[in-house]
Amino acid sequence: MILVRSNEGESLVDDAFSGTVDLISKLTPQQPGGMSLTLVRFDDGGLTYWHEHPGEQVLVILEGKGRVGDGHEECQIAAGDIIYTAPGEKHWHGALPGHSMTHLSITTVGPPKRYGAVE
């Protein structure tokens, strides 16, 4: 068993965002193809770039208001919402303008493939 306290985690640097976004790695994969857990805080209007994951991703919205899109639709999201993206599904997510948003990102199989900024 591994216990990660609320004040534990490693700050990550990633340039695949617009705006101010803080990432804290809470858990790294413990076996090949295992899951990782990252706490992501988006300041006012901050967004990921377009990206896709080689494995599954689940986002659990903890606080604030945000939005998510996949090229076919864009949805507003809020605390308590859960978003699932399938392997290879191109998408983006982040905070609504004028709001911040925090989510847990649970992913499997490795790092995402990144594309350009959301227009």
# chains A, B, ... in the order shown; residues from 1 in each chain; ligands from 1

$ residues_around --residues "region 32-36 of chain A" --least-positions-apart "2" --cutoff "7 Å" --atoms "only C-alpha atoms" --output "list in words"
Leu27, Thr28, Pro29, Gln30, Thr38, Ile106, Thr107, Thr108 and Val109 of chain A

$ residues_around --residues "region 2-17 of chain A" --least-positions-apart "6" --cutoff "10 Å" --atoms "only C-alpha atoms" --output "PDB file with N, CA and C atoms, in the first residue's frame"
ATOM      1  N   LEU A  23       0.851  21.983 -11.772  1.00  0.00           N
ATOM      2  CA  LEU A  23       0.704  20.531 -11.764  1.00  0.00           C
ATOM      3  C   LEU A  23       1.460  19.951 -10.579  1.00  0.00           C
ATOM      4  N   ILE A  24       0.823  19.035  -9.869  1.00  0.00           N
ATOM      5  CA  ILE A  24       1.479  18.343  -8.771  1.00  0.00           C
ATOM      6  C   ILE A  24       1.274  16.849  -8.970  1.00  0.00           C
ATOM      7  N   SER A  25       2.380  16.143  -9.202  1.00  0.00           N
ATOM      8  CA  SER A  25       2.315  14.693  -9.343  1.00  0.00           C
ATOM      9  C   SER A  25       2.077  14.090  -7.966  1.00  0.00           C
ATOM     10  N   LYS A  26       0.974  13.404  -7.812  1.00  0.00           N
ATOM     11  CA  LYS A  26       0.630  12.787  -6.536  1.00  0.00           C
ATOM     12  C   LYS A  26       1.010  11.310  -6.497  1.00  0.00           C
ATOM     13  N   LEU A  27       0.998  10.644  -7.661  1.00  0.00           N
ATOM     14  CA  LEU A  27       1.324   9.226  -7.717  1.00  0.00           C
ATOM     15  C   LEU A  27       1.801   8.889  -9.124  1.00  0.00           C
ATOM     16  N   GLN A  30       3.109   2.523 -10.725  1.00  0.00           N
ATOM     17  CA  GLN A  30       3.826   1.589  -9.874  1.00  0.00           C
ATOM     18  C   GLN A  30       4.193   0.297 -10.597  1.00  0.00           C
ATOM     19  N   THR A  38      -2.396  13.089 -11.059  1.00  0.00           N
ATOM     20  CA  THR A  38      -1.852  14.444 -11.025  1.00  0.00           C
ATOM     21  C   THR A  38      -2.941  15.419 -10.621  1.00  0.00           C
ATOM     22  N   LEU A  39      -2.624  16.308  -9.683  1.00  0.00           N
ATOM     23  CA  LEU A  39      -3.518  17.391  -9.292  1.00  0.00           C
ATOM     24  C   LEU A  39      -3.184  18.587 -10.175  1.00  0.00           C
ATOM     25  N   VAL A  40      -4.178  19.128 -10.870  1.00  0.00           N
ATOM     26  CA  VAL A  40      -3.945  20.219 -11.821  1.00  0.00           C
ATOM     27  C   VAL A  40      -4.835  21.399 -11.447  1.00  0.00           C
ATOM     28  N   PHE A  42      -5.870  25.180 -12.626  1.00  0.00           N
ATOM     29  CA  PHE A  42      -5.898  26.153 -13.722  1.00  0.00           C
ATOM     30  C   PHE A  42      -6.350  27.497 -13.162  1.00  0.00           C
ATOM     31  N   GLY A  46      -7.067  29.395 -17.827  1.00  0.00           N
ATOM     32  CA  GLY A  46      -5.961  28.535 -18.243  1.00  0.00           C
ATOM     33  C   GLY A  46      -6.469  27.257 -18.904  1.00  0.00           C
ATOM     34  N   LEU A  47      -5.793  26.810 -19.944  1.00  0.00           N
ATOM     35  CA  LEU A  47      -6.208  25.621 -20.701  1.00  0.00           C
ATOM     36  C   LEU A  47      -5.018  24.730 -21.039  1.00  0.00           C
ATOM     37  N   THR A  48      -5.292  23.440 -21.209  1.00  0.00           N
ATOM     38  CA  THR A  48      -4.306  22.558 -21.820  1.00  0.00           C
ATOM     39  C   THR A  48      -4.274  22.867 -23.309  1.00  0.00           C
ATOM     40  N   TYR A  49      -3.225  22.439 -23.977  1.00  0.00           N
ATOM     41  CA  TYR A  49      -3.223  22.397 -25.431  1.00  0.00           C
ATOM     42  C   TYR A  49      -4.020  21.169 -25.863  1.00  0.00           C
ATOM     43  N   TRP A  50      -4.326  21.090 -27.125  1.00  0.00           N
ATOM     44  CA  TRP A  50      -4.902  19.869 -27.670  1.00  0.00           C
ATOM     45  C   TRP A  50      -3.941  18.724 -27.374  1.00  0.00           C
ATOM     46  N   HIS A  51      -4.467  17.585 -26.952  1.00  0.00           N
ATOM     47  CA  HIS A  51      -3.612  16.434 -26.677  1.00  0.00           C
ATOM     48  C   HIS A  51      -4.424  15.152 -26.718  1.00  0.00           C
ATOM     49  N   TRP A  92      -9.062  18.714 -25.052  1.00  0.00           N
ATOM     50  CA  TRP A  92      -8.438  19.762 -24.236  1.00  0.00           C
ATOM     51  C   TRP A  92      -9.352  20.032 -23.051  1.00  0.00           C
ATOM     52  N   HIS A  93      -8.844  20.703 -22.022  1.00  0.00           N
ATOM     53  CA  HIS A  93      -9.662  21.053 -20.859  1.00  0.00           C
ATOM     54  C   HIS A  93      -8.983  22.158 -20.068  1.00  0.00           C
ATOM     55  N   GLY A  94      -9.770  22.849 -19.247  1.00  0.00           N
ATOM     56  CA  GLY A  94      -9.229  23.920 -18.421  1.00  0.00           C
ATOM     57  C   GLY A  94     -10.316  24.746 -17.789  1.00  0.00           C
ATOM     58  N   ARG A 114       1.088  15.730 -27.719  1.00  0.00           N
ATOM     59  CA  ARG A 114       0.584  17.103 -27.671  1.00  0.00           C
ATOM     60  C   ARG A 114       0.509  17.722 -29.046  1.00  0.00           C
ATOM     61  N   TYR A 115      -0.471  18.614 -29.177  1.00  0.00           N
ATOM     62  CA  TYR A 115      -0.683  19.380 -30.413  1.00  0.00           C
ATOM     63  C   TYR A 115      -0.643  20.860 -30.045  1.00  0.00           C
ATOM     64  N   GLY A 116      -1.213  21.718 -30.845  1.00  0.00           N
ATOM     65  CA  GLY A 116      -1.170  23.156 -30.609  1.00  0.00           C
ATOM     66  C   GLY A 116      -2.200  23.654 -29.626  1.00  0.00           C
ATOM     67  N   ALA A 117      -2.138  24.958 -29.390  1.00  0.00           N
ATOM     68  CA  ALA A 117      -3.041  25.627 -28.449  1.00  0.00           C
ATOM     69  C   ALA A 117      -4.478  25.595 -28.975  1.00  0.00           C
ATOM     70  N   VAL A 118      -5.418  25.661 -28.044  1.00  0.00           N
ATOM     71  CA  VAL A 118      -6.846  25.732 -28.380  1.00  0.00           C
ATOM     72  C   VAL A 118      -7.097  27.124 -28.931  1.00  0.00           C
TER      73      VAL A 118
END

$ atom_distance --atom1 "CA of Asp22 (chain A)" --atom2 "CA of Pro111 (chain A)"
17.0 Å

$ residues_around --residues "Gln76 (chain A)" --least-positions-apart "3" --cutoff "8 Å" --atoms "only C-alpha atoms" --output "list in words"
Lys65, Gly66, Arg67, Val68 and Leu96 of chain A

$ atom_distance --atom1 "CA of Thr102 (chain A)" --atom2 "CA of Gly69 (chain A)"
16.5 Å

$ atom_distance --atom1 "CA of Ile61 (chain A)" --atom2 "CA of Ile82 (chain A)"
6.3 Å

$ select_by_dssp --residues "region 11-115 of chain A" --states "strand (DSSP E)" --output "MDAnalysis selection string"
chainID A and resid 11:12 17:18 21:27 35:42 47:48 51:52 57:69 74:78 82:85 92:95 101:108 113:114
